[in-house]
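This is coords-v4.cif. It holds mmCIF, C-alpha atoms.
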data_upload
loop_
_atom_site.label_atom_id
_atom_site.label_comp_id
_atom_site.auth_asym_id
_atom_site.auth_seq_id
_atom_site.Cartn_x
_atom_site.Cartn_y
_atom_site.Cartn_z
CA MET N 1 33.59 17.85 -13.79
CA GLU N 2 34.60 14.42 -12.60
CA ASN N 3 32.81 15.03 -9.34
CA SER N 4 29.57 15.94 -11.02
CA THR N 5 29.74 12.84 -13.23
CA ALA N 6 30.23 10.70 -10.14
CA GLN N 7 27.29 12.37 -8.43
CA THR N 8 25.03 11.89 -11.43
CA LYS N 9 26.02 8.24 -11.57
CA GLU N 10 24.88 7.86 -7.99
CA LEU N 11 21.57 9.56 -8.67
CA ILE N 12 20.63 8.08 -12.03
CA GLN N 13 20.82 4.33 -12.35
CA PRO N 14 19.76 1.95 -15.14
CA LEU N 15 16.40 0.38 -14.34
CA VAL N 16 17.22 -3.22 -13.40
CA LEU N 17 13.90 -4.17 -11.89
CA THR N 18 10.67 -2.34 -11.07
CA PRO N 19 8.96 -3.05 -7.72
CA GLU N 20 6.15 -4.72 -9.70
CA ALA N 21 8.63 -7.01 -11.47
CA LEU N 22 10.12 -8.01 -8.12
CA LEU N 23 6.65 -8.77 -6.77
CA ASP N 24 5.94 -10.95 -9.84
CA HIS N 25 9.30 -12.65 -9.39
CA TRP N 26 8.52 -13.52 -5.77
CA GLN N 27 4.91 -14.57 -6.31
CA GLY N 28 6.00 -16.64 -9.33
CA HIS N 29 8.42 -18.56 -7.13
CA ARG N 30 5.73 -18.91 -4.47
CA LYS N 31 3.34 -20.45 -7.01
CA LEU N 32 5.96 -23.07 -7.81
CA THR N 33 6.64 -23.75 -4.11
CA ARG N 34 2.90 -24.20 -3.56
CA ARG N 35 2.91 -26.92 -6.23
CA VAL N 36 5.86 -28.61 -4.48
CA ILE N 37 3.87 -28.65 -1.20
CA GLU N 38 0.91 -30.14 -3.10
CA ALA N 39 3.14 -32.80 -4.70
CA PHE N 40 3.99 -34.36 -1.30
CA PRO N 41 1.75 -37.14 -0.01
CA GLU N 42 0.12 -36.08 3.29
CA ASN N 43 2.30 -38.21 5.60
CA GLU N 44 5.57 -37.62 3.79
CA LEU N 45 5.04 -33.87 3.90
CA PHE N 46 5.25 -34.05 7.70
CA GLN N 47 7.57 -36.99 8.24
CA TYR N 48 9.85 -37.66 5.29
CA SER N 49 13.33 -36.23 4.98
CA VAL N 50 16.81 -37.11 3.70
CA GLY N 51 20.11 -36.80 5.58
CA GLY N 52 18.46 -35.88 8.91
CA MET N 53 17.15 -32.58 7.52
CA ARG N 54 13.73 -31.11 8.36
CA PRO N 55 10.61 -32.46 6.63
CA PHE N 56 9.17 -30.21 3.91
CA SER N 57 6.23 -29.12 6.13
CA GLU N 58 8.72 -27.41 8.45
CA LEU N 59 10.57 -25.78 5.57
CA ALA N 60 7.27 -24.50 4.13
CA LEU N 61 6.30 -23.16 7.54
CA GLU N 62 9.64 -21.35 7.83
CA MET N 63 8.87 -19.70 4.47
CA VAL N 64 5.42 -18.64 5.70
CA ASN N 65 6.86 -17.24 8.95
CA MET N 66 9.47 -15.32 7.03
CA ALA N 67 7.30 -13.97 4.18
CA GLY N 68 4.17 -12.81 6.03
CA PRO N 69 5.74 -10.91 8.95
CA GLY N 70 8.62 -10.08 6.60
CA ILE N 71 6.56 -8.17 4.05
CA ARG N 72 4.83 -6.32 6.91
CA GLY N 73 8.28 -5.40 8.23
CA ILE N 74 9.48 -4.20 4.82
CA ALA N 75 6.35 -2.10 4.30
CA THR N 76 6.18 -0.59 7.81
CA ASN N 77 9.73 -1.09 9.20
CA LYS N 78 8.11 -2.54 12.32
CA TRP N 79 9.53 -5.97 13.03
CA GLU N 80 8.42 -8.80 15.29
CA LYS N 81 10.85 -11.44 16.47
CA PHE N 82 11.24 -14.29 13.98
CA GLU N 83 8.90 -17.27 14.44
CA GLU N 84 7.20 -15.87 17.54
CA SER N 85 3.80 -16.99 16.40
CA ASP N 86 0.90 -17.90 18.69
CA ARG N 87 -0.62 -19.98 15.94
CA PRO N 88 -0.55 -23.75 16.63
CA ALA N 89 1.60 -25.73 14.16
CA PRO N 90 -0.51 -26.92 11.21
CA LYS N 91 -1.18 -30.65 11.12
CA THR N 92 -2.46 -31.15 7.56
CA LYS N 93 -1.40 -30.25 4.04
CA GLU N 94 -4.63 -28.30 3.67
CA GLU N 95 -3.77 -26.11 6.65
CA ILE N 96 -0.31 -25.40 5.25
CA LEU N 97 -1.77 -24.50 1.86
CA GLY N 98 -4.28 -22.25 3.66
CA LEU N 99 -1.45 -20.41 5.44
CA TRP N 100 0.39 -20.22 2.12
CA ASP N 101 -2.58 -18.53 0.44
CA GLU N 102 -3.07 -16.10 3.33
CA THR N 103 0.58 -15.11 2.95
CA THR N 104 0.09 -14.60 -0.81
CA GLU N 105 -2.67 -12.13 0.02
CA GLN N 106 -0.61 -10.36 2.69
CA ILE N 107 2.24 -9.86 0.24
CA ASN N 108 -0.14 -8.44 -2.39
CA VAL N 109 -1.72 -6.08 0.16
CA TYR N 110 1.51 -4.80 1.73
CA TRP N 111 3.59 -4.59 -1.45
CA PRO N 112 2.08 -1.34 -2.82
CA GLN N 113 2.61 0.21 0.64
CA ILE N 114 6.41 -0.15 0.46
CA PRO N 115 7.80 3.42 0.39
CA PRO N 116 10.07 4.00 -2.63
CA HIS N 117 13.19 4.58 -0.51
CA ARG N 118 12.71 1.36 1.47
CA PHE N 119 14.52 -0.85 -1.07
CA GLN N 120 17.79 0.98 -0.37
CA GLU N 121 17.19 1.71 3.33
CA VAL N 122 19.27 -0.34 5.73
CA MET N 123 17.15 -1.97 8.43
CA THR N 124 17.33 -4.86 10.88
CA ALA N 125 14.90 -7.54 9.77
CA PHE N 126 13.17 -9.28 12.69
CA GLY N 127 15.44 -7.23 14.98
CA GLN N 128 18.22 -9.60 13.97
CA TRP N 129 19.48 -9.38 10.35
CA GLU N 130 20.84 -6.08 9.05
CA GLY N 131 20.65 -5.27 5.36
CA SER N 132 19.03 -3.02 2.77
CA GLY N 133 15.40 -3.61 1.86
CA HIS N 134 16.29 -5.32 -1.40
CA TRP N 135 18.88 -7.49 0.33
CA ILE N 136 16.28 -8.66 2.86
CA LEU N 137 13.63 -9.33 0.20
CA PHE N 138 16.07 -11.40 -1.84
CA TYR N 139 17.01 -13.28 1.31
CA PHE N 140 13.35 -14.31 1.72
CA ILE N 141 13.11 -15.36 -1.95
CA ASP N 142 16.47 -17.14 -2.09
CA ASN N 143 15.86 -18.98 1.16
CA GLU N 144 12.64 -20.30 -0.38
CA ILE N 145 14.39 -21.40 -3.61
CA HIS N 146 17.13 -23.07 -1.53
CA HIS N 147 14.75 -25.08 0.65
CA ARG N 148 12.48 -25.88 -2.27
CA GLY N 149 15.50 -27.39 -4.07
CA GLN N 150 15.83 -29.60 -0.99
CA GLY N 151 12.15 -30.55 -1.42
CA TYR N 152 12.85 -31.60 -5.03
CA VAL N 153 15.36 -34.18 -3.74
CA TYR N 154 12.86 -35.48 -1.16
CA LEU N 155 10.24 -35.88 -3.91
CA ARG N 156 12.64 -37.58 -6.34
CA SER N 157 13.83 -39.98 -3.67
CA LEU N 158 10.14 -40.80 -3.01
CA GLY N 159 9.79 -41.59 -6.72
CA ILE N 160 7.62 -38.49 -7.32
CA GLU N 161 8.26 -36.20 -10.31
CA PRO N 162 8.52 -32.59 -9.01
CA PRO N 163 6.81 -29.73 -10.91
CA PRO N 164 9.05 -28.12 -13.55
CA PHE N 165 11.42 -25.47 -12.12
CA TRP N 166 10.94 -23.04 -15.00
CA ASP N 167 7.14 -22.82 -14.67
CA ARG N 168 6.16 -19.87 -12.43
CA GLN N 169 2.56 -19.42 -13.59
CA MET O 1 -3.35 15.13 -15.99
CA GLU O 2 -4.01 11.47 -15.29
CA ASN O 3 -2.24 10.59 -18.47
CA SER O 4 0.84 12.52 -17.56
CA THR O 5 0.91 10.91 -14.07
CA ALA O 6 0.70 7.48 -15.68
CA GLN O 7 3.49 8.38 -18.08
CA THR O 8 5.69 9.69 -15.27
CA LYS O 9 5.08 6.49 -13.31
CA GLU O 10 6.34 4.50 -16.27
CA LEU O 11 9.43 6.66 -16.61
CA ILE O 12 10.39 7.17 -12.99
CA GLN O 13 10.61 4.08 -10.85
CA PRO O 14 11.85 3.52 -7.28
CA LEU O 15 15.39 2.20 -7.30
CA VAL O 16 15.06 -1.45 -6.30
CA LEU O 17 18.51 -2.62 -7.25
CA THR O 18 21.52 -1.07 -8.98
CA PRO O 19 23.41 -3.13 -11.59
CA GLU O 20 26.34 -3.23 -9.12
CA ALA O 21 24.10 -4.62 -6.36
CA LEU O 22 22.84 -7.34 -8.72
CA LEU O 23 26.43 -8.24 -9.64
CA ASP O 24 27.30 -8.49 -5.91
CA HIS O 25 24.19 -10.58 -5.34
CA TRP O 26 25.18 -13.04 -8.07
CA GLN O 27 28.87 -13.22 -7.19
CA GLY O 28 27.95 -13.63 -3.51
CA HIS O 29 25.85 -16.67 -4.37
CA ARG O 30 28.64 -17.96 -6.59
CA LYS O 31 31.13 -17.72 -3.70
CA LEU O 32 28.83 -19.89 -1.62
CA THR O 33 28.37 -22.41 -4.46
CA ARG O 34 32.15 -22.61 -4.84
CA ARG O 35 32.38 -23.61 -1.16
CA VAL O 36 29.72 -26.28 -1.74
CA ILE O 37 31.80 -27.73 -4.62
CA GLU O 38 34.85 -27.69 -2.32
CA ALA O 39 32.93 -29.45 0.46
CA PHE O 40 32.38 -32.58 -1.67
CA PRO O 41 34.99 -35.34 -1.47
CA GLU O 42 36.57 -35.87 -4.91
CA ASN O 43 34.75 -39.13 -5.77
CA GLU O 44 31.38 -38.13 -4.40
CA LEU O 45 31.45 -34.89 -6.40
CA PHE O 46 31.39 -36.98 -9.59
CA GLN O 47 29.47 -40.05 -8.49
CA TYR O 48 27.18 -39.43 -5.53
CA SER O 49 23.54 -38.48 -5.88
CA VAL O 50 20.16 -39.01 -4.23
CA GLY O 51 16.91 -40.08 -5.90
CA GLY O 52 18.53 -40.76 -9.27
CA MET O 53 19.39 -37.09 -9.78
CA ARG O 54 22.62 -35.82 -11.35
CA PRO O 55 25.84 -35.73 -9.28
CA PHE O 56 26.91 -32.27 -8.09
CA SER O 57 29.75 -32.08 -10.66
CA GLU O 58 27.14 -32.07 -13.44
CA LEU O 59 25.03 -29.46 -11.68
CA ALA O 60 28.09 -27.25 -11.20
CA LEU O 61 29.00 -27.68 -14.85
CA GLU O 62 25.48 -26.67 -15.89
CA MET O 63 25.93 -23.50 -13.83
CA VAL O 64 29.27 -22.77 -15.55
CA ASN O 65 27.77 -23.38 -19.01
CA MET O 66 24.88 -21.08 -18.20
CA ALA O 67 26.77 -18.25 -16.50
CA GLY O 68 29.79 -17.80 -18.79
CA PRO O 69 28.12 -17.81 -22.22
CA GLY O 70 25.06 -16.28 -20.48
CA ILE O 71 26.79 -13.11 -19.31
CA ARG O 72 28.38 -12.74 -22.75
CA GLY O 73 24.88 -13.03 -24.25
CA ILE O 74 23.45 -10.46 -21.86
CA ALA O 75 26.27 -8.00 -22.56
CA THR O 76 26.37 -8.44 -26.35
CA ASN O 77 22.97 -10.00 -27.18
CA LYS O 78 24.84 -12.60 -29.22
CA TRP O 79 23.89 -16.07 -28.07
CA GLU O 80 25.41 -19.49 -28.66
CA LYS O 81 23.37 -22.64 -28.27
CA PHE O 82 23.23 -23.90 -24.69
CA GLU O 83 25.93 -26.40 -23.68
CA GLU O 84 27.55 -26.55 -27.09
CA SER O 85 31.02 -26.53 -25.69
CA ASP O 86 34.08 -28.07 -27.32
CA ARG O 87 35.77 -28.30 -23.95
CA PRO O 88 36.17 -31.88 -22.65
CA ALA O 89 34.20 -32.61 -19.45
CA PRO O 90 36.34 -31.90 -16.37
CA LYS O 91 37.44 -34.98 -14.46
CA THR O 92 38.66 -33.46 -11.17
CA LYS O 93 37.40 -31.06 -8.54
CA GLU O 94 40.35 -28.81 -9.29
CA GLU O 95 39.33 -28.53 -12.95
CA ILE O 96 35.76 -27.65 -11.98
CA LEU O 97 36.99 -25.01 -9.53
CA GLY O 98 39.25 -23.66 -12.29
CA LEU O 99 36.29 -23.31 -14.66
CA TRP O 100 34.34 -21.71 -11.82
CA ASP O 101 37.01 -19.07 -11.30
CA GLU O 102 37.29 -18.36 -15.04
CA THR O 103 33.54 -17.77 -15.08
CA THR O 104 33.84 -15.42 -12.10
CA GLU O 105 36.31 -13.38 -14.13
CA GLN O 106 34.13 -13.42 -17.28
CA ILE O 107 31.16 -12.13 -15.29
CA ASN O 108 33.27 -9.31 -13.81
CA VAL O 109 34.63 -8.37 -17.25
CA TYR O 110 31.32 -8.44 -19.13
CA TRP O 111 29.12 -6.94 -16.42
CA PRO O 112 30.19 -3.26 -16.91
CA GLN O 113 29.59 -3.73 -20.66
CA ILE O 114 25.85 -4.42 -20.21
CA PRO O 115 24.04 -1.49 -21.88
CA PRO O 116 21.62 0.24 -19.46
CA HIS O 117 18.53 -0.71 -21.49
CA ARG O 118 19.46 -4.40 -21.61
CA PHE O 119 17.85 -5.25 -18.25
CA GLN O 120 14.40 -4.44 -19.66
CA GLU O 121 15.03 -5.58 -23.25
CA VAL O 122 13.29 -8.80 -24.24
CA MET O 123 15.67 -11.28 -25.85
CA THR O 124 15.94 -14.99 -26.51
CA ALA O 125 18.64 -16.46 -24.31
CA PHE O 126 20.67 -19.19 -26.01
CA GLY O 127 18.23 -18.87 -28.95
CA GLN O 128 15.73 -20.72 -26.79
CA TRP O 129 14.34 -18.88 -23.74
CA GLU O 130 12.55 -15.57 -24.21
CA GLY O 131 12.52 -13.00 -21.42
CA SER O 132 13.76 -9.58 -20.35
CA GLY O 133 17.41 -9.19 -19.38
CA HIS O 134 16.62 -9.13 -15.67
CA TRP O 135 14.38 -12.17 -16.01
CA ILE O 136 17.17 -14.13 -17.70
CA LEU O 137 19.81 -13.05 -15.16
CA PHE O 138 17.57 -14.10 -12.28
CA TYR O 139 16.96 -17.40 -14.04
CA PHE O 140 20.74 -18.04 -13.99
CA ILE O 141 20.98 -17.08 -10.31
CA ASP O 142 17.86 -18.94 -9.18
CA ASN O 143 18.80 -22.08 -11.09
CA GLU O 144 22.11 -22.05 -9.21
CA ILE O 145 20.41 -21.59 -5.80
CA HIS O 146 17.96 -24.38 -6.68
CA HIS O 147 20.63 -26.91 -7.64
CA ARG O 148 22.89 -25.86 -4.79
CA GLY O 149 20.01 -26.63 -2.39
CA GLN O 150 20.07 -30.11 -3.91
CA GLY O 151 23.81 -30.27 -3.20
CA TYR O 152 23.14 -29.45 0.47
CA VAL O 153 21.00 -32.61 0.72
CA TYR O 154 23.73 -34.70 -0.95
CA LEU O 155 26.29 -33.36 1.56
CA ARG O 156 24.04 -33.89 4.59
CA SER O 157 23.24 -37.42 3.51
CA LEU O 158 27.00 -38.01 3.23
CA GLY O 159 27.35 -36.79 6.83
CA ILE O 160 29.09 -33.57 5.72
CA GLU O 161 28.08 -30.18 7.18
CA PRO O 162 27.43 -27.77 4.26
CA PRO O 163 28.70 -24.16 4.42
CA PRO O 164 26.19 -21.74 5.98
CA PHE O 165 23.56 -20.48 3.51
CA TRP O 166 23.64 -16.89 4.76
CA ASP O 167 27.40 -16.41 4.23
CA ARG O 168 28.09 -14.88 0.82
CA GLN O 169 31.57 -13.47 1.46
#
Could I get this structure in the form of structure tokens?
Amino acid sequence: MENSTAQTKELIQPLVLTPEALLDHWQGHRKLTRRVIEAFPENELFQYSVGGMRPFSELALEMVNMAGPGIRGIATNKWEKFEESDRPAPKTKEEILGLWDETTEQINVYWPQIPPHRFQEVMTAFGQWEGSGHWILFYFIDNEIHHRGQGYVYLRSLGIEPPPFWDRQ
Amino acid sequence: MENSTAQTKELIQPLVLTPEALLDHWQGHRKLTRRVIEAFPENELFQYSVGGMRPFSELALEMVNMAGPGIRGIATNKWEKFEESDRPAPKTKEEILGLWDETTEQINVYWPQIPPHRFQEVMTAFGQWEGSGHWILFYFIDNEIHHRGQGYVYLRSLGIEPPPFWDRQ
């Protein structure tokens, strides 16, 4: 009796989050990060930083390099090495926003191709980081929130009001 | 036929995240934030900031005020007003860490009491912010990641190496 209850508990779980809700969650955060990129003046985006940290252009590029190949990896479980891109580093805000928007599309295209079991499957992202699908996806999202928080400080210390954190539209 | 497929799709969803995995996710982030609080020297925790933003003690206290009453709200759907606390503001790092650890306990106690439907139920957190249970929980978590990212910049600009972002143990 106890055994069968335990087994049922493993098989039937309360619905915390649908795949669609997780996609909305991620793309909502990405909309906000896009506005943070836009809020930087052109030069400061590439040159300004606080405490010897990377400028926001490099943080945004890290997000792009993680999200695009990352969603392909989650959908297909084929992983490239991290940041092995042939693409030359973007030199303007417009180029970064262009890459951002391409990534938005890639996520929307690959998302419905994620097999249902993939969220629980343990894999090695970029041949380097082992975790379940949901763990890896949240790593991408949380890394973006973390670095974007850094960007808020850069903006404030430049005297620029950052976009509101709660607005994900 | 189409109708019944649509209905089944609404009722049966891939398992993205169990409640236990979401609890681990949150508490993992909270362990890291605790280390960030610890990394600040006593005075700088209460006084240092960049760009006119709040010192990290105030950010940590916002997290405590959100998480403790927040998890009680999620579990019971009874909400107090946000930050209406009778407790005097803590004046030392030790007091903040004490509040942090109390909150850790509260989350662990209330979490198993969350009714299964609560993650999808729309409610008004703190009588103020409307969203589903999962949306509100992720708001708590993401707000913490966001402000902690700010704390990383404060630490770096103080010449202090922050704890590694990926370590949630």
Expansion of the PyMOL selection byres ((chain O) within 8 of (chain N)) into residues, as a count of residues only = 30
Skipping near chain neighbours, those fewer than 4 positions away, what residues fall within 9 Å of Lys81 of chain O using only C-alpha atoms, listed as a PyMOL selection string?
-> chain O and resi 85+125-128
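Compared by their closest atoms to Trp129 of chain O, and using all atoms listed in the file, the residues O:Trp26, O:Pro163, O:Gly70, O:Ala75 rank with O:Gly70 nearest.
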Which residues match the PyMOL selection byres ((chain N and resi 90-100) around 10) in the file above, as an NGL selection string?
-> :N and (30-31 or 33-35 or 37-38 or 40-43 or 45-46 or 57-58 or 60-61 or 63-65 or 67-68 or 87-89 or 101-106)
Between atom CA of Gly131 of chain N and atom CA of Pro164 of chain O, measure the distance and give it in Å to one decimal.
->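 Between atom CA of Gly131 of chain N and atom CA of Pro164 of chain O the gap is 17.4 Å.
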With the file shown as input, list the residues that the PyMOL selection byres ((chain N and resi 111) around 9) selects, as a PDB file with C-alpha atoms, in the coordinates of the input.
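And here's part04.pdb as it stands now:
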ATOM      1  CA  PRO N  19       8.960  -3.050  -7.720  1.00  0.00           C
ATOM      2  CA  GLU N  20       6.150  -4.720  -9.700  1.00  0.00           C
ATOM      3  CA  LEU N  23       6.650  -8.770  -6.770  1.00  0.00           C
ATOM      4  CA  ILE N  71       6.560  -8.170   4.050  1.00  0.00           C
ATOM      5  CA  ARG N  72       4.830  -6.320   6.910  1.00  0.00           C
ATOM      6  CA  ILE N  74       9.480  -4.200   4.820  1.00  0.00           C
ATOM      7  CA  ALA N  75       6.350  -2.100   4.300  1.00  0.00           C
ATOM      8  CA  GLN N 106      -0.610 -10.360   2.690  1.00  0.00           C
ATOM      9  CA  ILE N 107       2.240  -9.860   0.240  1.00  0.00           C
ATOM     10  CA  ASN N 108      -0.140  -8.440  -2.390  1.00  0.00           C
ATOM     11  CA  VAL N 109      -1.720  -6.080   0.160  1.00  0.00           C
ATOM     12  CA  TYR N 110       1.510  -4.800   1.730  1.00  0.00           C
ATOM     13  CA  PRO N 112       2.080  -1.340  -2.820  1.00  0.00           C
ATOM     14  CA  GLN N 113       2.610   0.210   0.640  1.00  0.00           C
ATOM     15  CA  ILE N 114       6.410  -0.150   0.460  1.00  0.00           C
TER      16      ILE N 114
END
Separation of atom CA of Leu59 of chain N from atom CA of Asp86 of chain N in Å =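 Atom CA of Leu59 of chain N lies 18.1 Å from atom CA of Asp86 of chain N.
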Rotate and translate chain O onto chain N via least squares on all in-order Cα pairs, then write the result as a compact mmCIF listing (two decimals) with C-alpha atoms, keeping the file's coordinate frame.
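Contents of the output file result_11.txt:
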# COMPACT_ATOMS: atom_id res chain seq x y z
CA MET O 1 33.25 18.03 -13.85
CA GLU O 2 34.36 14.62 -12.65
CA ASN O 3 32.60 15.24 -9.40
CA SER O 4 29.35 16.07 -11.06
CA THR O 5 29.59 12.93 -13.28
CA ALA O 6 30.15 10.82 -10.18
CA GLN O 7 27.19 12.46 -8.46
CA THR O 8 24.95 11.91 -11.48
CA LYS O 9 26.00 8.26 -11.60
CA GLU O 10 24.89 7.88 -8.00
CA LEU O 11 21.55 9.53 -8.69
CA ILE O 12 20.66 8.05 -12.05
CA GLN O 13 20.88 4.30 -12.35
CA PRO O 14 19.84 1.89 -15.13
CA LEU O 15 16.48 0.34 -14.34
CA VAL O 16 17.28 -3.25 -13.39
CA LEU O 17 13.96 -4.19 -11.88
CA THR O 18 10.74 -2.36 -11.06
CA PRO O 19 9.02 -3.05 -7.72
CA GLU O 20 6.21 -4.72 -9.71
CA ALA O 21 8.69 -7.02 -11.48
CA LEU O 22 10.18 -8.03 -8.12
CA LEU O 23 6.70 -8.77 -6.76
CA ASP O 24 5.99 -10.95 -9.84
CA HIS O 25 9.34 -12.66 -9.38
CA TRP O 26 8.56 -13.52 -5.76
CA GLN O 27 4.95 -14.56 -6.32
CA GLY O 28 6.04 -16.64 -9.33
CA HIS O 29 8.45 -18.57 -7.13
CA ARG O 30 5.77 -18.90 -4.48
CA LYS O 31 3.36 -20.44 -7.02
CA LEU O 32 5.97 -23.06 -7.81
CA THR O 33 6.64 -23.75 -4.10
CA ARG O 34 2.90 -24.19 -3.56
CA ARG O 35 2.91 -26.91 -6.24
CA VAL O 36 5.85 -28.59 -4.48
CA ILE O 37 3.86 -28.65 -1.20
CA GLU O 38 0.91 -30.13 -3.12
CA ALA O 39 3.12 -32.79 -4.71
CA PHE O 40 3.96 -34.35 -1.32
CA PRO O 41 1.71 -37.13 -0.03
CA GLU O 42 0.09 -36.06 3.26
CA ASN O 43 2.26 -38.21 5.58
CA GLU O 44 5.53 -37.63 3.79
CA LEU O 45 5.00 -33.86 3.90
CA PHE O 46 5.21 -34.05 7.71
CA GLN O 47 7.51 -37.01 8.23
CA TYR O 48 9.81 -37.68 5.29
CA SER O 49 13.30 -36.25 5.00
CA VAL O 50 16.77 -37.12 3.74
CA GLY O 51 20.07 -36.82 5.62
CA GLY O 52 18.43 -35.91 8.92
CA MET O 53 17.12 -32.61 7.56
CA ARG O 54 13.71 -31.13 8.38
CA PRO O 55 10.57 -32.47 6.64
CA PHE O 56 9.14 -30.22 3.92
CA SER O 57 6.21 -29.12 6.14
CA GLU O 58 8.71 -27.41 8.46
CA LEU O 59 10.55 -25.79 5.56
CA ALA O 60 7.27 -24.50 4.14
CA LEU O 61 6.29 -23.16 7.54
CA GLU O 62 9.63 -21.35 7.83
CA MET O 63 8.87 -19.71 4.48
CA VAL O 64 5.41 -18.63 5.70
CA ASN O 65 6.86 -17.24 8.96
CA MET O 66 9.48 -15.33 7.02
CA ALA O 67 7.32 -13.98 4.19
CA GLY O 68 4.20 -12.81 6.04
CA PRO O 69 5.74 -10.90 8.97
CA GLY O 70 8.65 -10.09 6.60
CA ILE O 71 6.60 -8.17 4.06
CA ARG O 72 4.86 -6.32 6.90
CA GLY O 73 8.32 -5.40 8.23
CA ILE O 74 9.51 -4.22 4.84
CA ALA O 75 6.39 -2.10 4.30
CA THR O 76 6.22 -0.59 7.81
CA ASN O 77 9.75 -1.11 9.20
CA LYS O 78 8.14 -2.54 12.32
CA TRP O 79 9.53 -5.98 13.03
CA GLU O 80 8.41 -8.80 15.30
CA LYS O 81 10.83 -11.46 16.47
CA PHE O 82 11.24 -14.31 13.99
CA GLU O 83 8.89 -17.28 14.45
CA GLU O 84 7.19 -15.90 17.53
CA SER O 85 3.79 -17.00 16.41
CA ASP O 86 0.88 -17.88 18.69
CA ARG O 87 -0.66 -19.96 15.94
CA PRO O 88 -0.58 -23.73 16.61
CA ALA O 89 1.57 -25.72 14.15
CA PRO O 90 -0.54 -26.90 11.19
CA LYS O 91 -1.20 -30.63 11.11
CA THR O 92 -2.48 -31.12 7.54
CA LYS O 93 -1.43 -30.22 4.03
CA GLU O 94 -4.65 -28.27 3.64
CA GLU O 95 -3.79 -26.08 6.64
CA ILE O 96 -0.32 -25.38 5.25
CA LEU O 97 -1.78 -24.48 1.85
CA GLY O 98 -4.27 -22.22 3.63
CA LEU O 99 -1.46 -20.38 5.42
CA TRP O 100 0.38 -20.19 2.10
CA ASP O 101 -2.57 -18.51 0.41
CA GLU O 102 -3.05 -16.06 3.31
CA THR O 103 0.60 -15.09 2.93
CA THR O 104 0.12 -14.59 -0.81
CA GLU O 105 -2.64 -12.13 0.00
CA GLN O 106 -0.58 -10.33 2.68
CA ILE O 107 2.28 -9.86 0.22
CA ASN O 108 -0.10 -8.43 -2.40
CA VAL O 109 -1.68 -6.07 0.15
CA TYR O 110 1.55 -4.79 1.71
CA TRP O 111 3.64 -4.59 -1.46
CA PRO O 112 2.13 -1.32 -2.84
CA GLN O 113 2.65 0.22 0.63
CA ILE O 114 6.46 -0.15 0.47
CA PRO O 115 7.85 3.42 0.39
CA PRO O 116 10.13 3.99 -2.64
CA HIS O 117 13.24 4.55 -0.50
CA ARG O 118 12.75 1.34 1.47
CA PHE O 119 14.56 -0.88 -1.06
CA GLN O 120 17.84 0.94 -0.35
CA GLU O 121 17.24 1.68 3.34
CA VAL O 122 19.31 -0.38 5.76
CA MET O 123 17.19 -1.99 8.46
CA THR O 124 17.35 -4.88 10.89
CA ALA O 125 14.92 -7.56 9.81
CA PHE O 126 13.17 -9.30 12.71
CA GLY O 127 15.45 -7.27 15.02
CA GLN O 128 18.23 -9.63 13.99
CA TRP O 129 19.49 -9.41 10.39
CA GLU O 130 20.86 -6.12 9.09
CA GLY O 131 20.67 -5.30 5.39
CA SER O 132 19.07 -3.05 2.79
CA GLY O 133 15.43 -3.64 1.87
CA HIS O 134 16.33 -5.35 -1.40
CA TRP O 135 18.91 -7.52 0.35
CA ILE O 136 16.32 -8.69 2.88
CA LEU O 137 13.65 -9.35 0.22
CA PHE O 138 16.10 -11.42 -1.82
CA TYR O 139 17.04 -13.30 1.33
CA PHE O 140 13.37 -14.33 1.73
CA ILE O 141 13.14 -15.37 -1.93
CA ASP O 142 16.49 -17.15 -2.08
CA ASN O 143 15.87 -19.01 1.18
CA GLU O 144 12.65 -20.32 -0.37
CA ILE O 145 14.39 -21.42 -3.60
CA HIS O 146 17.13 -23.08 -1.52
CA HIS O 147 14.75 -25.09 0.66
CA ARG O 148 12.47 -25.89 -2.26
CA GLY O 149 15.50 -27.40 -4.05
CA GLN O 150 15.81 -29.64 -0.99
CA GLY O 151 12.14 -30.58 -1.41
CA TYR O 152 12.83 -31.62 -5.02
CA VAL O 153 15.34 -34.20 -3.72
CA TYR O 154 12.82 -35.49 -1.15
CA LEU O 155 10.21 -35.90 -3.91
CA ARG O 156 12.61 -37.60 -6.34
CA SER O 157 13.78 -39.99 -3.66
CA LEU O 158 10.11 -40.81 -3.01
CA GLY O 159 9.74 -41.60 -6.73
CA ILE O 160 7.59 -38.50 -7.32
CA GLU O 161 8.24 -36.19 -10.31
CA PRO O 162 8.50 -32.59 -9.01
CA PRO O 163 6.81 -29.73 -10.91
CA PRO O 164 9.07 -28.13 -13.55
CA PHE O 165 11.45 -25.50 -12.12
CA TRP O 166 10.98 -23.05 -14.99
CA ASP O 167 7.17 -22.83 -14.66
CA ARG O 168 6.19 -19.89 -12.45
CA GLN O 169 2.59 -19.42 -13.60
Atom CA of Ile136 of chain N to atom CA of Arg168 of chain O, straight-line distance in Å = 13.5 Å
Take every atom of segment 16-30 of chain N listed in the file, fit an axis-aligned box around them, add 5 Å per side, and give the centre and edge lengths in Å to one decimal as JSON.
{"center_x": 11.1, "center_y": -10.6, "center_z": -8.9, "size_x": 22.3, "size_y": 26.6, "size_z": 18.9}
